[in-house]
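query.txt (compact mmCIF, C-alpha atoms)
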```txt
# COMPACT_ATOMS: atom_id res chain seq x y z
CA MET Z 26 50.05 -20.05 95.15
CA LYS Z 27 47.70 -22.97 94.49
CA PRO Z 28 47.10 -24.23 90.94
CA ARG Z 29 43.54 -22.91 90.69
CA THR Z 30 44.84 -19.46 91.50
CA ARG Z 31 47.99 -19.70 89.41
CA VAL Z 32 46.16 -20.41 86.15
CA ASN Z 33 44.27 -17.13 86.64
CA HIS Z 34 47.35 -15.22 87.80
CA PRO Z 35 50.24 -16.46 85.64
CA PRO Z 36 53.79 -15.25 86.30
CA ALA Z 37 54.61 -11.89 84.75
CA VAL Z 38 57.37 -11.74 82.16
CA LYS Z 39 59.15 -8.40 82.09
CA ILE Z 40 61.26 -7.40 79.10
CA PRO Z 41 64.29 -5.23 79.88
CA ASP Z 42 64.20 -1.69 78.53
CA ASP Z 43 67.12 -2.44 76.19
CA ASN Z 44 65.61 -5.70 74.92
CA ARG Z 45 62.57 -4.85 72.82
CA PRO Z 46 60.60 -7.09 70.43
CA LEU Z 47 61.12 -6.18 66.77
CA VAL Z 48 57.39 -6.62 66.10
CA ALA Z 49 55.06 -5.16 68.71
CA PRO Z 50 53.00 -7.80 70.54
CA ILE Z 51 49.23 -8.10 70.32
CA TYR Z 52 47.71 -6.64 73.47
CA GLN Z 53 44.81 -9.08 73.43
CA SER Z 54 43.48 -7.81 76.73
CA VAL Z 55 40.19 -6.05 77.38
CA LYS Z 56 41.33 -4.69 80.76
CA PHE Z 57 44.47 -2.97 82.01
CA THR Z 58 45.36 -2.33 85.64
CA PHE Z 59 47.30 0.18 87.74
CA ASP Z 60 49.13 -0.36 91.01
CA ASP Z 61 46.74 1.88 92.92
CA VAL Z 62 43.39 3.66 92.60
CA ALA Z 63 44.91 7.12 92.48
CA GLU Z 64 46.86 6.37 89.27
CA SER Z 65 43.77 4.83 87.69
CA GLN Z 66 41.86 8.04 88.49
CA ARG Z 67 44.65 10.18 87.04
CA GLN Z 68 44.51 8.23 83.78
CA SER Z 69 40.73 8.58 83.63
CA ARG Z 70 41.09 12.36 83.97
CA GLY Z 71 43.71 12.51 81.23
CA GLU Z 72 46.49 13.47 83.62
CA ARG Z 73 48.78 10.58 82.68
CA GLU Z 74 49.28 8.14 79.85
CA GLY Z 75 47.99 4.60 80.04
CA PHE Z 76 45.14 2.26 79.24
CA GLN Z 77 42.17 0.93 81.18
CA TYR Z 78 39.64 -0.67 78.83
CA SER Z 79 40.12 -1.67 75.20
CA ARG Z 80 36.84 -0.21 74.00
CA VAL Z 81 38.36 3.14 74.96
CA SER Z 82 41.98 2.54 73.95
CA ASN Z 83 44.47 -0.25 73.51
CA PRO Z 84 48.24 -0.23 72.78
CA THR Z 85 47.90 -2.33 69.60
CA LEU Z 86 45.17 -0.06 68.26
CA ARG Z 87 47.15 3.00 69.28
CA GLN Z 88 50.12 1.96 67.18
CA LEU Z 89 47.87 1.52 64.14
CA GLU Z 90 46.16 4.87 64.76
CA LEU Z 91 49.51 6.66 64.85
CA THR Z 92 50.68 4.92 61.68
CA LEU Z 93 47.55 5.71 59.68
CA ALA Z 94 47.35 9.33 60.81
CA GLU Z 95 50.93 9.93 59.71
CA LEU Z 96 50.37 8.22 56.36
CA GLN Z 97 47.37 10.45 55.66
CA GLY Z 98 49.16 13.62 56.78
CA ARG Z 99 47.10 14.26 59.92
CA ASP Z 100 47.83 13.81 63.61
CA ALA Z 101 44.93 11.76 64.97
CA CYS Z 102 42.86 8.71 64.11
CA LEU Z 103 39.95 6.67 65.44
CA LEU Z 104 39.58 3.01 64.54
CA ALA Z 105 36.36 1.10 63.95
CA ALA Z 106 35.44 -2.51 63.33
CA SER Z 107 34.72 -1.94 59.62
CA GLY Z 108 34.84 0.72 56.96
CA MET Z 109 31.15 1.43 57.40
CA GLY Z 110 31.72 1.58 61.13
CA ALA Z 111 34.13 4.44 60.44
CA VAL Z 112 31.69 6.18 58.08
CA SER Z 113 28.82 5.85 60.55
CA LEU Z 114 30.95 7.05 63.45
CA ALA Z 115 32.07 10.15 61.58
CA LEU Z 116 28.60 11.09 60.35
CA LEU Z 117 26.81 10.40 63.64
CA ALA Z 118 29.43 12.22 65.68
CA LEU Z 119 29.52 15.30 63.46
CA CYS Z 120 25.80 15.81 62.83
CA ARG Z 121 22.93 16.89 65.02
CA GLN Z 122 19.20 17.47 64.55
CA GLY Z 123 18.49 20.18 61.99
CA ASP Z 124 21.80 19.87 60.16
CA HIS Z 125 22.02 19.55 56.39
CA VAL Z 126 24.33 17.15 54.52
CA VAL Z 127 25.34 17.19 50.85
CA LEU Z 128 26.20 13.85 49.30
CA PHE Z 129 26.52 12.58 45.76
CA ALA Z 130 24.76 9.98 43.66
CA GLU Z 131 28.16 8.49 42.81
CA SER Z 132 28.80 7.65 46.49
CA TYR Z 133 29.02 4.18 48.01
CA GLN Z 134 25.49 2.85 48.53
CA PRO Z 135 25.85 2.04 52.26
CA THR Z 136 27.10 5.59 52.86
CA ARG Z 137 24.01 6.91 51.10
CA HIS Z 138 21.94 4.65 53.36
CA VAL Z 139 23.44 6.14 56.52
CA VAL Z 140 22.69 9.70 55.37
CA ARG Z 141 19.30 9.10 53.75
CA ARG Z 142 17.84 6.50 56.11
CA VAL Z 143 19.62 6.68 59.47
CA LEU Z 144 20.46 10.37 59.87
CA SER Z 145 17.12 11.43 58.42
CA ARG Z 146 15.34 9.62 61.27
CA TYR Z 147 17.05 12.03 63.66
CA GLY Z 148 16.19 15.19 61.77
CA VAL Z 149 19.27 15.56 59.55
CA ARG Z 150 18.33 16.73 56.06
CA HIS Z 151 20.25 16.00 52.88
CA THR Z 152 20.63 16.92 49.22
CA VAL Z 153 21.85 14.49 46.55
CA LEU Z 154 23.92 16.00 43.71
CA SER Z 155 26.28 14.77 41.01
CA ILE Z 156 29.98 14.94 41.86
CA GLU Z 157 30.53 16.57 38.45
CA ASP Z 158 28.19 19.52 39.05
CA GLY Z 159 30.17 22.20 40.87
CA ASP Z 160 27.59 24.86 40.07
CA ALA Z 161 24.83 22.85 41.77
CA LEU Z 162 27.05 22.38 44.82
CA GLU Z 163 27.73 26.11 45.06
CA ALA Z 164 24.04 26.93 44.66
CA THR Z 165 23.02 24.38 47.30
CA LEU Z 166 25.55 25.65 49.82
CA ALA Z 167 24.52 29.26 49.16
CA ALA Z 168 20.84 28.43 49.68
CA THR Z 169 21.09 26.03 52.61
CA PRO Z 170 23.41 26.18 55.63
CA THR Z 171 25.28 22.88 55.42
CA ARG Z 172 27.15 20.91 58.08
CA LEU Z 173 28.90 18.26 55.95
CA ILE Z 174 29.87 17.53 52.36
CA VAL Z 175 30.43 13.78 52.04
CA PHE Z 176 32.18 12.50 48.92
CA GLU Z 177 34.60 10.02 47.34
CA SER Z 178 37.37 10.28 44.77
CA PRO Z 179 37.66 8.25 42.63
CA THR Z 180 34.02 7.31 42.96
CA ASN Z 181 32.72 3.77 43.27
CA PRO Z 182 32.43 2.15 40.79
CA VAL Z 183 32.68 4.38 37.70
CA LEU Z 184 35.81 6.25 38.85
CA LYS Z 185 34.75 9.86 38.47
CA ILE Z 186 37.31 12.26 39.92
CA ALA Z 187 36.13 14.88 42.39
CA ASP Z 188 37.48 18.40 42.04
CA ILE Z 189 38.85 18.42 45.58
CA GLU Z 190 40.11 22.00 45.46
CA GLY Z 191 36.74 23.19 44.20
CA ILE Z 192 34.77 21.24 46.81
CA THR Z 193 36.94 22.27 49.74
CA ALA Z 194 36.96 25.92 48.66
CA ALA Z 195 33.17 25.93 48.42
CA ALA Z 196 32.94 24.27 51.82
CA ARG Z 197 35.18 26.92 53.40
CA ARG Z 198 33.19 29.76 51.86
CA HIS Z 199 29.97 28.42 53.34
CA GLY Z 200 31.17 27.01 56.67
CA ALA Z 201 30.76 23.30 55.88
CA LEU Z 202 33.04 20.44 56.85
CA THR Z 203 34.31 18.00 54.23
CA VAL Z 204 34.36 14.22 54.73
CA LEU Z 205 36.27 12.30 52.05
CA ASP Z 206 36.04 8.52 51.76
CA ASN Z 207 39.60 8.06 50.56
CA THR Z 208 39.55 4.26 50.37
CA PHE Z 209 40.00 4.00 46.59
CA ALA Z 210 42.86 6.51 46.42
CA GLY Z 211 44.69 5.22 49.49
CA PHE Z 212 46.52 6.83 52.39
CA HIS Z 213 49.29 8.24 50.19
CA ASN Z 214 46.87 10.38 48.16
CA HIS Z 215 44.96 13.61 48.90
CA GLY Z 216 46.58 14.38 52.25
CA LEU Z 217 47.83 17.75 50.99
CA TYR Z 218 44.29 18.98 50.35
CA ASP Z 219 42.15 20.92 52.82
CA ILE Z 220 40.01 17.94 53.83
CA ASP Z 221 38.59 18.00 57.35
CA VAL Z 222 37.95 14.27 57.80
CA PHE Z 223 39.18 11.22 55.92
CA VAL Z 224 37.49 7.85 56.28
CA HIS Z 225 38.95 4.57 55.08
CA SER Z 226 37.91 0.96 54.89
CA LEU Z 227 40.99 -0.79 56.24
CA THR Z 228 39.48 -4.02 54.90
CA LYS Z 229 40.79 -3.05 51.48
CA TYR Z 230 44.33 -1.83 50.84
CA ALA Z 231 45.56 -1.44 54.41
CA ALA Z 232 44.97 -5.09 55.32
CA GLY Z 233 45.30 -6.14 51.70
CA HIS Z 234 44.66 -9.86 51.97
CA GLY Z 235 40.88 -10.13 52.27
CA ASP Z 236 41.00 -11.74 55.72
CA VAL Z 237 40.35 -8.91 58.19
CA MET Z 238 37.92 -5.98 58.50
CA GLY Z 239 38.47 -2.52 59.91
CA GLY Z 240 37.85 1.18 59.41
CA ALA Z 241 39.53 4.47 60.25
CA VAL Z 242 38.51 8.09 60.77
CA ILE Z 243 41.50 10.41 60.32
CA ALA Z 244 41.63 14.13 61.04
CA ASN Z 245 43.46 16.71 63.09
CA SER Z 246 43.39 16.03 66.82
CA GLU Z 247 40.99 18.87 67.65
CA LEU Z 248 38.29 17.35 65.46
CA ILE Z 249 39.03 13.76 66.47
CA ASP Z 250 38.72 14.77 70.13
CA THR Z 251 35.15 15.94 69.47
CA MET Z 252 34.32 12.51 68.01
CA ARG Z 253 36.21 10.28 70.43
CA GLY Z 254 33.54 10.13 73.17
CA ASP Z 255 30.84 9.13 70.69
CA GLY Z 256 33.13 6.50 69.22
CA VAL Z 257 33.69 4.96 72.64
CA VAL Z 258 30.00 4.64 73.49
CA LEU Z 259 28.88 3.56 70.01
CA GLY Z 260 31.11 0.56 70.64
CA ALA Z 261 32.20 -0.39 67.10
CA THR Z 262 35.74 -0.99 68.36
CA LEU Z 263 38.39 -2.74 66.29
CA ASP Z 264 39.66 -5.96 67.85
CA PRO Z 265 43.38 -5.93 68.83
CA HIS Z 266 44.14 -9.00 66.74
CA SER Z 267 42.55 -7.37 63.69
CA ALA Z 268 44.56 -4.22 64.38
CA PHE Z 269 47.74 -6.33 64.51
CA LEU Z 270 46.93 -7.96 61.16
CA ILE Z 271 46.23 -4.60 59.55
CA GLN Z 272 49.48 -3.17 60.94
CA ARG Z 273 51.29 -6.17 59.48
CA GLY Z 274 49.52 -5.73 56.15
CA LEU Z 275 50.71 -2.13 55.96
CA LYS Z 276 54.30 -3.33 55.68
CA THR Z 277 53.59 -4.31 52.07
CA TYR Z 278 51.01 -1.58 51.37
CA PHE Z 279 53.16 0.39 48.92
CA LEU Z 280 54.55 -2.71 47.22
CA ARG Z 281 51.07 -4.09 46.67
CA TYR Z 282 49.48 -0.81 45.64
CA GLU Z 283 52.22 0.04 43.16
CA ARG Z 284 52.04 -3.39 41.52
CA GLN Z 285 48.25 -3.28 41.38
CA CYS Z 286 48.34 0.16 39.75
CA GLU Z 287 50.84 -1.04 37.15
CA ASN Z 288 48.61 -4.00 36.33
CA ALA Z 289 45.49 -1.82 36.25
CA GLN Z 290 47.07 0.61 33.77
CA GLN Z 291 48.02 -2.22 31.41
CA ILE Z 292 44.60 -3.84 31.70
CA ALA Z 293 42.82 -0.53 31.06
CA GLN Z 294 44.90 -0.01 27.92
CA PHE Z 295 44.14 -3.54 26.75
CA LEU Z 296 40.40 -3.16 27.31
CA ALA Z 297 40.31 0.23 25.58
CA SER Z 298 41.57 -1.40 22.39
CA HIS Z 299 39.23 -4.42 22.47
CA ALA Z 300 36.28 -4.52 20.08
CA ALA Z 301 33.96 -6.12 22.66
CA VAL Z 302 34.41 -3.20 25.08
CA ALA Z 303 32.27 -0.12 24.57
CA ARG Z 304 33.86 2.20 27.14
CA VAL Z 305 36.66 2.09 29.72
CA SER Z 306 36.69 4.33 32.79
CA TYR Z 307 40.19 4.51 34.25
CA PRO Z 308 41.76 7.82 35.31
CA GLY Z 309 45.14 6.76 33.91
CA LEU Z 310 43.81 6.75 30.34
CA PRO Z 311 43.98 10.05 28.42
CA SER Z 312 40.43 9.28 27.23
CA HIS Z 313 39.08 9.62 30.79
CA PRO Z 314 37.13 12.91 30.95
CA GLN Z 315 39.00 13.96 34.10
CA HIS Z 316 42.43 12.54 33.27
CA ALA Z 317 44.12 15.92 33.68
CA LEU Z 318 42.43 16.50 37.05
CA ALA Z 319 43.42 13.03 38.24
CA THR Z 320 47.00 13.58 37.14
CA ARG Z 321 47.11 16.81 39.11
CA GLN Z 322 45.53 15.42 42.27
CA MET Z 323 46.85 11.85 42.53
CA ARG Z 324 50.27 10.23 42.63
CA ASP Z 325 48.91 7.17 40.80
CA MET Z 326 45.66 6.22 39.11
CA GLY Z 327 44.40 3.44 41.36
CA THR Z 328 43.82 -0.28 41.12
CA ILE Z 329 40.19 -0.33 39.93
CA VAL Z 330 39.25 -0.55 36.26
CA THR Z 331 35.60 -0.12 35.29
CA PHE Z 332 34.28 -0.66 31.78
CA ASP Z 333 31.10 -1.24 29.80
CA LEU Z 334 30.81 -4.24 27.52
CA ASP Z 335 29.47 -4.08 24.00
CA SER Z 336 25.74 -4.81 23.89
CA ALA Z 337 26.40 -8.21 22.28
CA VAL Z 338 28.33 -9.40 25.35
CA SER Z 339 26.57 -10.60 28.50
CA ALA Z 340 28.09 -9.11 31.66
CA PRO Z 341 27.12 -12.09 33.86
CA GLY Z 342 28.36 -14.49 31.18
CA PHE Z 343 31.65 -12.63 30.93
CA ALA Z 344 32.11 -12.67 34.72
CA ASN Z 345 31.24 -16.37 34.89
CA ALA Z 346 33.84 -17.18 32.21
CA LEU Z 347 36.73 -15.56 34.06
CA ARG Z 348 39.13 -17.99 35.73
CA LEU Z 349 41.45 -15.73 37.71
CA PHE Z 350 39.07 -12.88 38.58
CA ALA Z 351 36.84 -14.08 41.42
CA ILE Z 352 33.23 -12.87 41.50
CA SER Z 353 33.26 -11.03 44.80
CA ALA Z 354 32.38 -7.81 46.54
CA SER Z 355 35.04 -5.57 48.06
CA LEU Z 356 38.40 -4.73 46.52
CA GLY Z 357 42.06 -4.16 47.27
CA SER Z 358 43.05 -7.77 47.86
CA THR Z 359 46.12 -9.39 46.33
CA GLU Z 360 43.71 -11.48 44.22
CA SER Z 361 41.89 -9.93 41.26
CA LEU Z 362 38.12 -9.60 41.62
CA VAL Z 363 35.19 -8.85 39.33
CA GLN Z 364 31.72 -7.44 39.92
CA PRO Z 365 29.17 -7.02 37.12
CA GLY Z 366 26.73 -4.12 37.19
CA GLN Z 367 23.87 -6.39 38.20
CA LEU Z 368 25.50 -6.64 41.65
CA MET Z 369 26.04 -2.88 42.00
CA MET Z 370 22.77 -1.30 40.85
CA PRO Z 371 21.88 1.92 42.77
CA ARG Z 372 18.26 0.97 43.39
CA ASP Z 373 17.84 3.66 46.05
CA LEU Z 374 18.29 6.44 43.47
CA ASP Z 375 15.74 7.98 41.11
CA ALA Z 376 16.16 7.91 37.34
CA THR Z 377 18.14 11.16 37.16
CA GLN Z 378 20.42 10.13 39.99
CA ARG Z 379 20.96 6.68 38.46
CA ALA Z 380 22.10 8.38 35.26
CA TRP Z 381 24.64 10.35 37.31
CA ALA Z 382 25.84 7.14 38.96
CA GLY Z 383 26.53 5.69 35.49
CA ILE Z 384 26.02 1.99 36.27
CA SER Z 385 24.26 -0.21 33.71
CA ASP Z 386 23.73 -3.91 33.06
CA ALA Z 387 26.83 -3.76 30.83
CA THR Z 388 29.10 -2.31 33.53
CA ILE Z 389 31.99 -4.38 34.90
CA ARG Z 390 34.23 -3.41 37.84
CA LEU Z 391 37.62 -5.06 38.16
CA SER Z 392 39.70 -4.90 41.31
CA VAL Z 393 43.14 -5.68 39.97
CA GLY Z 394 45.49 -7.79 42.08
CA ILE Z 395 49.21 -8.50 42.07
CA GLU Z 396 49.19 -11.52 39.74
CA ASP Z 397 51.25 -11.61 36.57
CA CYS Z 398 49.57 -9.10 34.27
CA ASP Z 399 49.97 -11.31 31.19
CA ASP Z 400 47.94 -14.02 32.91
CA LEU Z 401 45.22 -11.52 33.82
CA ILE Z 402 45.01 -10.19 30.26
CA ASP Z 403 44.90 -13.74 28.89
CA ASP Z 404 41.99 -14.46 31.23
CA LEU Z 405 40.13 -11.32 30.13
CA THR Z 406 40.81 -12.17 26.48
CA GLN Z 407 39.31 -15.63 26.66
CA ALA Z 408 36.25 -14.39 28.57
CA LEU Z 409 35.63 -11.62 26.04
CA GLU Z 410 35.99 -14.01 23.11
CA VAL Z 411 33.75 -16.70 24.53
CA HIS Z 412 31.06 -14.37 25.77
```

Represent the structure from my file as structure tokens, please.
Amino acid sequence: MKPRTRVNHPPAVKIPDDNRPLVAPIYQSVKFTFDDVAESQRQSRGEREGFQYSRVSNPTLRQLELTLAELQGRDACLLAASGMGAVSLALLALCRQGDHVVLFAESYQPTRHVVRRVLSRYGVRHTVLSIEDGDALEATLAATPTRLIVFESPTNPVLKIADIEGITAAARRHGALTVLDNTFAGFHNHGLYDIDVFVHSLTKYAAGHGDVMGGAVIANSELIDTMRGDGVVLGATLDPHSAFLIQRGLKTYFLRYERQCENAQQIAQFLASHAAVARVSYPGLPSHPQHALATRQMRDMGTIVTFDLDSAVSAPGFANALRLFAISASLGSTESLVQPGQLMMPRDLDATQRAWAGISDATIRLSVGIEDCDDLIDDLTQALEVH
């Protein structure tokens, strides 16, 4: 074989069956091949296992899908290139013209955008409620046939806790599907509840290091199979190298999450006792209005602490004075992050809905990392005293 050919057809390296790599390799290949056309056709018809094209399936992605589905207590998963890719895939695949969707003012703003701006262009109607108003949800479902209820728990950023049993029971009574963005609570929470579809931003806790993006849709295989074809042609496929990094990040998922929750609990307690803080919203505090519900539903209380500063303290000034908390969007990284309310305002909502969302100019959201908690509290102390 001549050199020009050899560089395009390198020698194959076969690993013996009893000599496996401890860490699965990255299958950084768009295309896969079979020895003959007949086997390729059999794979296309679903008559044999295998891979052809990475937008459809890939061994590295498949390993991550299996891992995430098991963590969430379901048997199937679809991956996307970002968390919002996963949200968009689920909503677009499950809705059709004439359907009705219930969502909540406390939801993530880009998710609201998909429902209110994108789906509405294709004839999907919606109703915006407060996650705290179970009576309004029941009345809406009774009055309007509904395809999906889309919600979060805890909510972003003020950490309201959804009554999952109440929402799922109402959905079952009225024939609606439930879609839970479970990013804040993590894969180890809420799997025992009667949720039809979970979506996650893998960018956060799964990857955990702020250097890779991804998303996941997790459900039982029957429902995932109805979404798979749309996912393939929408094309928001996760890259194999990103999938590898997320799979690697999962090895420390529980270690990171547990440490972050421990830090968050201590920080919430510290803030609740500080004179410059008007209100702390953290489900692990007995003062949280839904502390009992959170304790019943969740194994831990999460890594996000949201609070309102006293009126004499400037939220931007406080954020600027912090030394260890970086001013940044997103969450779940090993580093601690801060976002003041000015960066999270729900400008797409009306006055009533903004009141439900509970974000003001005094609101601060902390994503607590794995640093030494004493150092984090010292940093918060000096920022509160200076500003």

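With distances restricted to only C-alpha atoms, Z:Ala380 is the closest residue to Ser155 (chain Z) from Z:Ile51, Z:Leu91, Z:Ala346, Z:Ala380.
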
note - CA of Met26 (chain Z) and CA of Asp60 (chain Z) are separated by 20.1 Å

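The two atoms in question, CA of Glu360 (chain Z) and CA of Leu391 (chain Z), are spaced 10.7 Å apart.
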
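The space between CA of Thr328 (chain Z) and CA of Cys286 (chain Z) spans 4.7 Å.
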
Neighbour residues at most 12 Å from (50.3, -10.2, 36.9) (all atoms listed in the file) as an MDAnalysis selection string | chainID Z and resid 281 284:292 349:350 359:361 393:404

Exercise: residues within 12 Å of coordinate (28.1, 2.8, 37.2), counting only C-alpha atoms, as a PyMOL selection string
chain Z and resi 130-134+180-185+304-306+330-333+364-372+378-390

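Using all atoms listed in the file, the smallest distance between any of Z:Gly327, Z:Ala297, Z:Thr171, Z:Thr152 and Ala210 (chain Z) comes from Z:Gly327.
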
Item to check | Nearby residues (all atoms listed in the file) at most 9 Å from Phe176 (chain Z), same-chain spacing under 2 positions excluded, as a VMD selection string | outcome: chain Z and resid 127 to 129 131 to 133 156 174 178 180 187 203 to 207

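With only C-alpha atoms as the atoms that count, the minimum distance from Leu374 (chain Z) to the choices Z:Ala340, Z:Leu154, Z:Val302, Z:Ile352 is reached by Z:Leu154.
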
Find the spatial neighbours of Gln77 (chain Z), counting all atoms listed in the file, within a cut-off of 9 Å - ignore same-chain residues fewer than 4 positions away - and output them as a PDB file with C-alpha atoms, in the frame of the given file.
```
ATOM      1  CA  VAL Z  55      40.190  -6.050  77.380  1.00  0.00           C
ATOM      2  CA  LYS Z  56      41.330  -4.690  80.760  1.00  0.00           C
ATOM      3  CA  PHE Z  57      44.470  -2.970  82.010  1.00  0.00           C
ATOM      4  CA  THR Z  58      45.360  -2.330  85.640  1.00  0.00           C
ATOM      5  CA  PHE Z  59      47.300   0.180  87.740  1.00  0.00           C
ATOM      6  CA  SER Z  65      43.770   4.830  87.690  1.00  0.00           C
ATOM      7  CA  GLN Z  68      44.510   8.230  83.780  1.00  0.00           C
ATOM      8  CA  SER Z  69      40.730   8.580  83.630  1.00  0.00           C
ATOM      9  CA  VAL Z  81      38.360   3.140  74.960  1.00  0.00           C
ATOM     10  CA  SER Z  82      41.980   2.540  73.950  1.00  0.00           C
ATOM     11  CA  ASN Z  83      44.470  -0.250  73.510  1.00  0.00           C
TER      12      ASN Z  83
END
```

- request: Excluding Thr193 (chain Z) and any residue of its chain fewer than 6 positions from it, enumerate the residues within 10 Å of it, using all atoms listed in the file, and give them as a PyMOL selection string.
  value: chain Z and resi 174+199+201-204+218-221
